[in-house]
Amino acid sequence: MSSPPPFNALAITPDRLPTVDAVSSWSHEERPQTRLGVLLRRAQTPGAALLHDDALMAFAQRCNAAGHCVVLSCTATDIESKEVSARSLSRVGLRGIQIKGDPPDAIFHAVSRALGDDFVVGRSCHGPAPAAADAPWSYTTVAPVFRIPQEKPEKPSEGIGVDTLRRWCEAVPQVFALGGIVAANIAPCLEAGAFGVAGIRLFFGDAAHVMDNMNALGRAIERHTALPLL
């Protein structure tokens, strides 16, 4: 069985890392209930290529030094081809992976056999909730929960809504709500049963704005969850 996630919020890296030191923004205030994970991801970039991205790996080291659990976005093919392996993850201090593309439960078993028991194995999912989960995924990100602003307003990305998120949480353990997450809608996600929230804009950008988001996140988590320390 894979390890459970030692975090209850997940910061997803933008395609271009900001010049502002995001890690300092995350750690500015005492938020004992918030344990932040970091997903290394760039759109349309294979997981194996991310491992050779010097800037991204330097950022990962900064996150590790601050005590954040860092995981890699990749596909099952990355694992099957052995381009992403337990050795390559450990070499750069990564604690796990997140499989993109709505992977079926069968993928979990193949990936966990390849990596062993020491890594977090999450997945990215979209759309309606399944009847139940048959594989012990460490966590599942579900997106988009809320409407996401787009560069082309005539083509908005509609969210699945809190009711569908609740059905995901009833069927699958350790769900992270993703998509359109802002400070004001963190609490409804947790009230719907989400294990935590994930996002890009929530954790990256103007330092003052990020710190405000982190404080709102900490307050919401303290009110609605009690994740034990691992």
# chains A, B, ... in the order shown; residues from 1 in each chain; ligands from 1
$ select_by_dssp --residues "region 101-152 of chain A" --states "strand (DSSP E or B)" --output "number ranges by chain"
A: 120-126, 139-143, 148
$ closest_atom_pairs --of "region 115-134 of chain A" --to "region 4-19 of chain A" --cutoff "10 Å" --atoms "only C-alpha atoms" --output "tab-separated table"
residue	atom	partner	partner_atom	distance
A:Asp118	CA	A:Pro4	CA	10.0
A:Phe119	CA	A:Pro4	CA	8.8
A:Val120	CA	A:Pro5	CA	6.2
A:Val121	CA	A:Pro4	CA	8.3
A:Gly122	CA	A:Pro5	CA	8.4
$ select_by_dssp --residues "region 19-152 of chain A" --states "alpha helix (DSSP H)" --output "NGL selection string"
:A and (22-26 or 47-50 or 54-65 or 76-80 or 86-91 or 105-115)
$ residues_around --residues "region 200-211 of chain A" --least-positions-apart "4" --cutoff "12 Å" --atoms "only C-alpha atoms" --output "JSON, numbers by chain"
{"A": [9, 10, 11, 12, 13, 14, 15, 16, 17, 18, 19, 20, 21, 22, 23, 24, 25, 26, 27, 28, 29, 30, 31, 36, 37, 38, 39, 40, 41, 42, 148, 149, 178, 179, 180, 181, 182, 183, 184, 185, 186, 215, 216, 217, 218]}
$ write_last_selection --atoms "N, CA and C atoms" --output "compact mmCIF listing (two decimals), in the first residue's frame"
# COMPACT_ATOMS: atom_id res chain seq x y z
N ALA A 9 -2.58 20.37 1.95
CA ALA A 9 -2.71 21.40 0.92
C ALA A 9 -1.61 21.13 -0.09
N LEU A 10 -1.89 21.41 -1.37
CA LEU A 10 -0.94 21.05 -2.42
C LEU A 10 -0.73 22.23 -3.36
N ALA A 11 0.49 22.76 -3.37
CA ALA A 11 0.87 23.85 -4.26
C ALA A 11 1.39 23.26 -5.57
N ILE A 12 0.80 23.66 -6.68
CA ILE A 12 1.18 23.14 -8.00
C ILE A 12 1.99 24.21 -8.73
N THR A 13 3.17 23.85 -9.19
CA THR A 13 4.04 24.85 -9.80
C THR A 13 3.46 25.36 -11.12
N PRO A 14 3.56 26.67 -11.34
CA PRO A 14 3.16 27.23 -12.64
C PRO A 14 4.19 26.88 -13.71
N ASP A 15 3.83 27.10 -14.96
CA ASP A 15 4.75 26.77 -16.04
C ASP A 15 6.04 27.57 -15.95
N ARG A 16 5.94 28.79 -15.46
CA ARG A 16 7.13 29.62 -15.25
C ARG A 16 7.22 29.98 -13.78
N LEU A 17 8.28 29.56 -13.13
CA LEU A 17 8.41 29.85 -11.70
C LEU A 17 8.55 31.36 -11.48
N PRO A 18 7.85 31.90 -10.47
CA PRO A 18 7.92 33.34 -10.22
C PRO A 18 9.26 33.73 -9.61
N THR A 19 9.60 34.99 -9.78
CA THR A 19 10.85 35.48 -9.17
C THR A 19 10.68 35.68 -7.67
N VAL A 20 9.44 35.91 -7.22
CA VAL A 20 9.18 36.05 -5.79
C VAL A 20 9.43 34.72 -5.11
N ASP A 21 10.03 34.75 -3.91
CA ASP A 21 10.33 33.52 -3.19
C ASP A 21 9.05 32.98 -2.56
N ALA A 22 8.36 32.11 -3.29
CA ALA A 22 7.09 31.58 -2.82
C ALA A 22 7.26 30.81 -1.51
N VAL A 23 8.37 30.10 -1.37
CA VAL A 23 8.56 29.27 -0.18
C VAL A 23 8.57 30.11 1.08
N SER A 24 9.18 31.28 1.01
CA SER A 24 9.17 32.19 2.16
C SER A 24 7.77 32.68 2.45
N SER A 25 6.99 32.92 1.41
CA SER A 25 5.60 33.37 1.61
C SER A 25 4.79 32.30 2.31
N TRP A 26 5.01 31.05 1.97
CA TRP A 26 4.28 29.96 2.60
C TRP A 26 4.63 29.83 4.08
N SER A 27 5.85 30.17 4.43
CA SER A 27 6.34 29.92 5.78
C SER A 27 6.34 31.17 6.66
N HIS A 28 5.73 32.25 6.17
CA HIS A 28 5.87 33.53 6.86
C HIS A 28 5.23 33.53 8.25
N GLU A 29 4.07 32.90 8.37
CA GLU A 29 3.36 32.89 9.65
C GLU A 29 3.29 31.46 10.20
N GLU A 30 2.99 31.39 11.49
CA GLU A 30 2.80 30.08 12.12
C GLU A 30 1.42 29.53 11.73
N ARG A 31 1.40 28.42 11.05
CA ARG A 31 0.14 27.78 10.66
C ARG A 31 0.27 26.30 10.99
N LEU A 36 2.00 21.63 3.90
CA LEU A 36 1.96 21.89 2.47
C LEU A 36 2.81 20.91 1.68
N GLY A 37 2.21 20.33 0.65
CA GLY A 37 2.94 19.55 -0.33
C GLY A 37 3.15 20.39 -1.58
N VAL A 38 4.09 20.00 -2.41
CA VAL A 38 4.39 20.73 -3.64
C VAL A 38 4.41 19.74 -4.80
N LEU A 39 3.61 20.02 -5.82
CA LEU A 39 3.59 19.18 -7.03
C LEU A 39 4.38 19.88 -8.12
N LEU A 40 5.46 19.23 -8.57
CA LEU A 40 6.26 19.75 -9.67
C LEU A 40 5.57 19.39 -10.98
N ARG A 41 5.11 20.41 -11.69
CA ARG A 41 4.34 20.17 -12.91
C ARG A 41 4.57 21.31 -13.88
N ARG A 42 4.65 20.98 -15.15
CA ARG A 42 4.60 21.95 -16.23
C ARG A 42 3.77 21.35 -17.34
N ILE A 148 -12.95 28.35 -13.73
CA ILE A 148 -11.59 28.86 -13.81
C ILE A 148 -11.54 29.98 -14.84
N PRO A 149 -11.06 31.17 -14.44
CA PRO A 149 -10.92 32.26 -15.42
C PRO A 149 -9.97 31.86 -16.54
N LEU A 178 -9.42 20.98 -6.52
CA LEU A 178 -8.55 21.76 -7.40
C LEU A 178 -9.40 22.47 -8.44
N GLY A 179 -8.97 23.68 -8.81
CA GLY A 179 -9.65 24.40 -9.88
C GLY A 179 -10.51 25.53 -9.37
N GLY A 180 -10.05 26.77 -9.56
CA GLY A 180 -10.80 27.92 -9.12
C GLY A 180 -10.80 28.12 -7.61
N ILE A 181 -9.85 27.50 -6.92
CA ILE A 181 -9.80 27.62 -5.45
C ILE A 181 -9.23 28.99 -5.08
N VAL A 182 -9.99 29.72 -4.27
CA VAL A 182 -9.55 31.00 -3.71
C VAL A 182 -9.83 30.96 -2.21
N ALA A 183 -9.36 31.99 -1.52
CA ALA A 183 -9.50 31.99 -0.06
C ALA A 183 -10.95 31.80 0.38
N ALA A 184 -11.88 32.42 -0.36
CA ALA A 184 -13.28 32.43 0.06
C ALA A 184 -13.98 31.08 -0.10
N ASN A 185 -13.46 30.19 -0.96
CA ASN A 185 -14.17 28.91 -1.15
C ASN A 185 -13.40 27.70 -0.61
N ILE A 186 -12.37 27.93 0.17
CA ILE A 186 -11.66 26.81 0.79
C ILE A 186 -12.58 26.09 1.78
N ASN A 215 -3.01 32.26 5.27
CA ASN A 215 -3.68 32.50 6.55
C ASN A 215 -5.13 32.03 6.49
N ALA A 216 -5.81 32.31 5.37
CA ALA A 216 -7.19 31.85 5.21
C ALA A 216 -7.24 30.33 5.19
N LEU A 217 -6.29 29.72 4.52
CA LEU A 217 -6.22 28.26 4.47
C LEU A 217 -6.01 27.68 5.86
N GLY A 218 -5.10 28.26 6.61
CA GLY A 218 -4.83 27.78 7.96
C GLY A 218 -6.05 27.86 8.85
$ residues_around --residues "Glu170 (chain A)" --least-positions-apart "3" --cutoff "9 Å" --atoms "only C-alpha atoms" --output "VMD selection string"
chain A and resid 129 132 165 to 167 173 193
$ write_last_selection --atoms "C-alpha atoms" --output "compact mmCIF listing (two decimals), in the first residue's frame"
# COMPACT_ATOMS: atom_id res chain seq x y z
CA ALA A 129 -17.46 10.78 -9.11
CA ALA A 132 -16.08 3.66 -5.27
CA LEU A 165 -17.04 17.22 -4.99
CA ARG A 166 -18.98 15.85 -2.02
CA ARG A 167 -19.83 12.70 -3.99
CA PRO A 173 -10.52 8.84 0.44
CA GLY A 193 -15.38 16.35 2.87
$ decode --residues "region 57-164 of chain A" --atoms "C-alpha atoms" --output "PDB file, in the first residue's frame"
ATOM      1  CA  MET A  57      15.045  20.917  -9.263  1.00  0.00           C
ATOM      2  CA  ALA A  58      16.650  23.864  -7.468  1.00  0.00           C
ATOM      3  CA  PHE A  59      13.149  24.954  -6.451  1.00  0.00           C
ATOM      4  CA  ALA A  60      12.423  21.403  -5.256  1.00  0.00           C
ATOM      5  CA  GLN A  61      15.541  21.512  -3.084  1.00  0.00           C
ATOM      6  CA  ARG A  62      14.363  24.805  -1.591  1.00  0.00           C
ATOM      7  CA  CYS A  63      11.008  23.202  -0.783  1.00  0.00           C
ATOM      8  CA  ASN A  64      12.691  20.153   0.736  1.00  0.00           C
ATOM      9  CA  ALA A  65      14.858  22.368   2.925  1.00  0.00           C
ATOM     10  CA  ALA A  66      11.713  24.083   4.202  1.00  0.00           C
ATOM     11  CA  GLY A  67      10.186  20.711   5.104  1.00  0.00           C
ATOM     12  CA  HIS A  68       7.606  20.455   2.322  1.00  0.00           C
ATOM     13  CA  CYS A  69       6.794  17.090   0.731  1.00  0.00           C
ATOM     14  CA  VAL A  70       7.608  17.331  -2.992  1.00  0.00           C
ATOM     15  CA  VAL A  71       5.989  15.053  -5.589  1.00  0.00           C
ATOM     16  CA  LEU A  72       6.359  14.818  -9.368  1.00  0.00           C
ATOM     17  CA  SER A  73       3.620  15.030 -11.997  1.00  0.00           C
ATOM     18  CA  CYS A  74       4.078  12.249 -14.537  1.00  0.00           C
ATOM     19  CA  THR A  75       2.291   9.565 -16.525  1.00  0.00           C
ATOM     20  CA  ALA A  76       2.147   5.836 -16.074  1.00  0.00           C
ATOM     21  CA  THR A  77       4.310   5.603 -19.200  1.00  0.00           C
ATOM     22  CA  ASP A  78       7.069   7.531 -17.414  1.00  0.00           C
ATOM     23  CA  ILE A  79       7.095   4.772 -14.794  1.00  0.00           C
ATOM     24  CA  GLU A  80       6.687   1.838 -17.182  1.00  0.00           C
ATOM     25  CA  SER A  81       9.599   3.065 -19.302  1.00  0.00           C
ATOM     26  CA  LYS A  82      11.673   3.465 -16.123  1.00  0.00           C
ATOM     27  CA  GLU A  83      12.460   7.059 -17.040  1.00  0.00           C
ATOM     28  CA  VAL A  84      10.962   7.907 -13.653  1.00  0.00           C
ATOM     29  CA  SER A  85      11.995   5.394 -11.002  1.00  0.00           C
ATOM     30  CA  ALA A  86      12.428   5.060  -7.272  1.00  0.00           C
ATOM     31  CA  ARG A  87      16.122   5.790  -7.761  1.00  0.00           C
ATOM     32  CA  SER A  88      15.614   8.925  -9.886  1.00  0.00           C
ATOM     33  CA  LEU A  89      13.015  10.288  -7.451  1.00  0.00           C
ATOM     34  CA  SER A  90      15.153   9.608  -4.389  1.00  0.00           C
ATOM     35  CA  ARG A  91      18.227  11.131  -6.013  1.00  0.00           C
ATOM     36  CA  VAL A  92      16.571  14.573  -6.070  1.00  0.00           C
ATOM     37  CA  GLY A  93      14.709  14.155  -2.788  1.00  0.00           C
ATOM     38  CA  LEU A  94      11.190  13.648  -4.156  1.00  0.00           C
ATOM     39  CA  ARG A  95       8.690  11.811  -1.980  1.00  0.00           C
ATOM     40  CA  GLY A  96       6.236  10.594  -4.593  1.00  0.00           C
ATOM     41  CA  ILE A  97       4.362  11.070  -7.839  1.00  0.00           C
ATOM     42  CA  GLN A  98       0.988  12.191  -9.118  1.00  0.00           C
ATOM     43  CA  ILE A  99      -0.274  10.342 -12.193  1.00  0.00           C
ATOM     44  CA  LYS A 100      -2.067  12.639 -14.629  1.00  0.00           C
ATOM     45  CA  GLY A 101      -4.884  11.847 -17.033  1.00  0.00           C
ATOM     46  CA  ASP A 102      -7.613  10.192 -14.929  1.00  0.00           C
ATOM     47  CA  PRO A 103      -5.722   6.915 -14.443  1.00  0.00           C
ATOM     48  CA  PRO A 104      -7.809   3.800 -13.725  1.00  0.00           C
ATOM     49  CA  ASP A 105      -7.252   1.883 -10.519  1.00  0.00           C
ATOM     50  CA  ALA A 106      -5.267  -0.786 -12.379  1.00  0.00           C
ATOM     51  CA  ILE A 107      -2.556   1.801 -13.022  1.00  0.00           C
ATOM     52  CA  PHE A 108      -2.052   2.229  -9.296  1.00  0.00           C
ATOM     53  CA  HIS A 109      -1.063  -1.388  -8.832  1.00  0.00           C
ATOM     54  CA  ALA A 110       1.461  -1.282 -11.693  1.00  0.00           C
ATOM     55  CA  VAL A 111       2.983   1.961 -10.459  1.00  0.00           C
ATOM     56  CA  SER A 112       3.164   0.922  -6.821  1.00  0.00           C
ATOM     57  CA  ARG A 113       4.879  -2.337  -7.792  1.00  0.00           C
ATOM     58  CA  ALA A 114       7.461  -0.372  -9.766  1.00  0.00           C
ATOM     59  CA  LEU A 115       8.151   2.190  -7.037  1.00  0.00           C
ATOM     60  CA  GLY A 116       7.706   0.162  -3.865  1.00  0.00           C
ATOM     61  CA  ASP A 117       5.966   1.154  -0.662  1.00  0.00           C
ATOM     62  CA  ASP A 118       7.939   4.234   0.308  1.00  0.00           C
ATOM     63  CA  PHE A 119       6.410   6.747  -2.090  1.00  0.00           C
ATOM     64  CA  VAL A 120       3.215   8.772  -2.147  1.00  0.00           C
ATOM     65  CA  VAL A 121       1.175   7.814  -5.251  1.00  0.00           C
ATOM     66  CA  GLY A 122      -1.551  10.316  -6.125  1.00  0.00           C
ATOM     67  CA  ARG A 123      -3.633  10.881  -9.244  1.00  0.00           C
ATOM     68  CA  SER A 124      -5.392  13.650 -11.171  1.00  0.00           C
ATOM     69  CA  CYS A 125      -9.098  13.137 -11.935  1.00  0.00           C
ATOM     70  CA  HIS A 126     -11.921  15.102 -13.522  1.00  0.00           C
ATOM     71  CA  GLY A 127     -15.662  14.898 -13.964  1.00  0.00           C
ATOM     72  CA  PRO A 128     -18.304  12.778 -12.211  1.00  0.00           C
ATOM     73  CA  ALA A 129     -17.463  10.775  -9.108  1.00  0.00           C
ATOM     74  CA  PRO A 130     -16.928   7.000  -9.397  1.00  0.00           C
ATOM     75  CA  ALA A 131     -19.052   4.499  -7.507  1.00  0.00           C
ATOM     76  CA  ALA A 132     -16.077   3.662  -5.274  1.00  0.00           C
ATOM     77  CA  ALA A 133     -12.304   3.344  -5.298  1.00  0.00           C
ATOM     78  CA  ASP A 134     -10.755  -0.093  -5.671  1.00  0.00           C
ATOM     79  CA  ALA A 135      -7.118   0.965  -5.247  1.00  0.00           C
ATOM     80  CA  PRO A 136      -5.471   2.617  -2.237  1.00  0.00           C
ATOM     81  CA  TRP A 137      -4.308   5.821  -3.939  1.00  0.00           C
ATOM     82  CA  SER A 138      -2.507   8.093  -1.512  1.00  0.00           C
ATOM     83  CA  TYR A 139      -4.742  10.942  -2.668  1.00  0.00           C
ATOM     84  CA  THR A 140      -6.854  12.133  -5.589  1.00  0.00           C
ATOM     85  CA  THR A 141      -7.018  15.672  -6.952  1.00  0.00           C
ATOM     86  CA  VAL A 142     -10.436  16.424  -8.436  1.00  0.00           C
ATOM     87  CA  ALA A 143     -10.814  19.308 -10.896  1.00  0.00           C
ATOM     88  CA  PRO A 144     -12.144  21.728 -11.764  1.00  0.00           C
ATOM     89  CA  VAL A 145     -14.350  22.301  -8.740  1.00  0.00           C
ATOM     90  CA  PHE A 146     -15.087  25.941  -9.529  1.00  0.00           C
ATOM     91  CA  ARG A 147     -15.120  27.997 -12.716  1.00  0.00           C
ATOM     92  CA  ILE A 148     -11.592  28.859 -13.810  1.00  0.00           C
ATOM     93  CA  PRO A 149     -10.923  32.263 -15.423  1.00  0.00           C
ATOM     94  CA  GLN A 150      -9.516  31.861 -18.922  1.00  0.00           C
ATOM     95  CA  GLU A 151      -7.566  34.087 -21.258  1.00  0.00           C
ATOM     96  CA  LYS A 152     -10.512  33.650 -23.646  1.00  0.00           C
ATOM     97  CA  PRO A 153     -13.633  34.628 -21.625  1.00  0.00           C
ATOM     98  CA  GLU A 154     -15.912  33.146 -24.291  1.00  0.00           C
ATOM     99  CA  LYS A 155     -14.534  29.691 -23.433  1.00  0.00           C
ATOM    100  CA  PRO A 156     -14.720  29.430 -19.640  1.00  0.00           C
ATOM    101  CA  SER A 157     -13.906  26.209 -17.822  1.00  0.00           C
ATOM    102  CA  GLU A 158     -17.010  25.367 -15.802  1.00  0.00           C
ATOM    103  CA  GLY A 159     -16.571  23.637 -12.478  1.00  0.00           C
ATOM    104  CA  ILE A 160     -18.190  20.439 -11.258  1.00  0.00           C
ATOM    105  CA  GLY A 161     -19.449  22.203  -8.127  1.00  0.00           C
ATOM    106  CA  VAL A 162     -19.419  21.407  -4.439  1.00  0.00           C
ATOM    107  CA  ASP A 163     -22.158  18.750  -4.660  1.00  0.00           C
ATOM    108  CA  THR A 164     -20.137  16.638  -7.111  1.00  0.00           C
TER     109      THR A 164
END
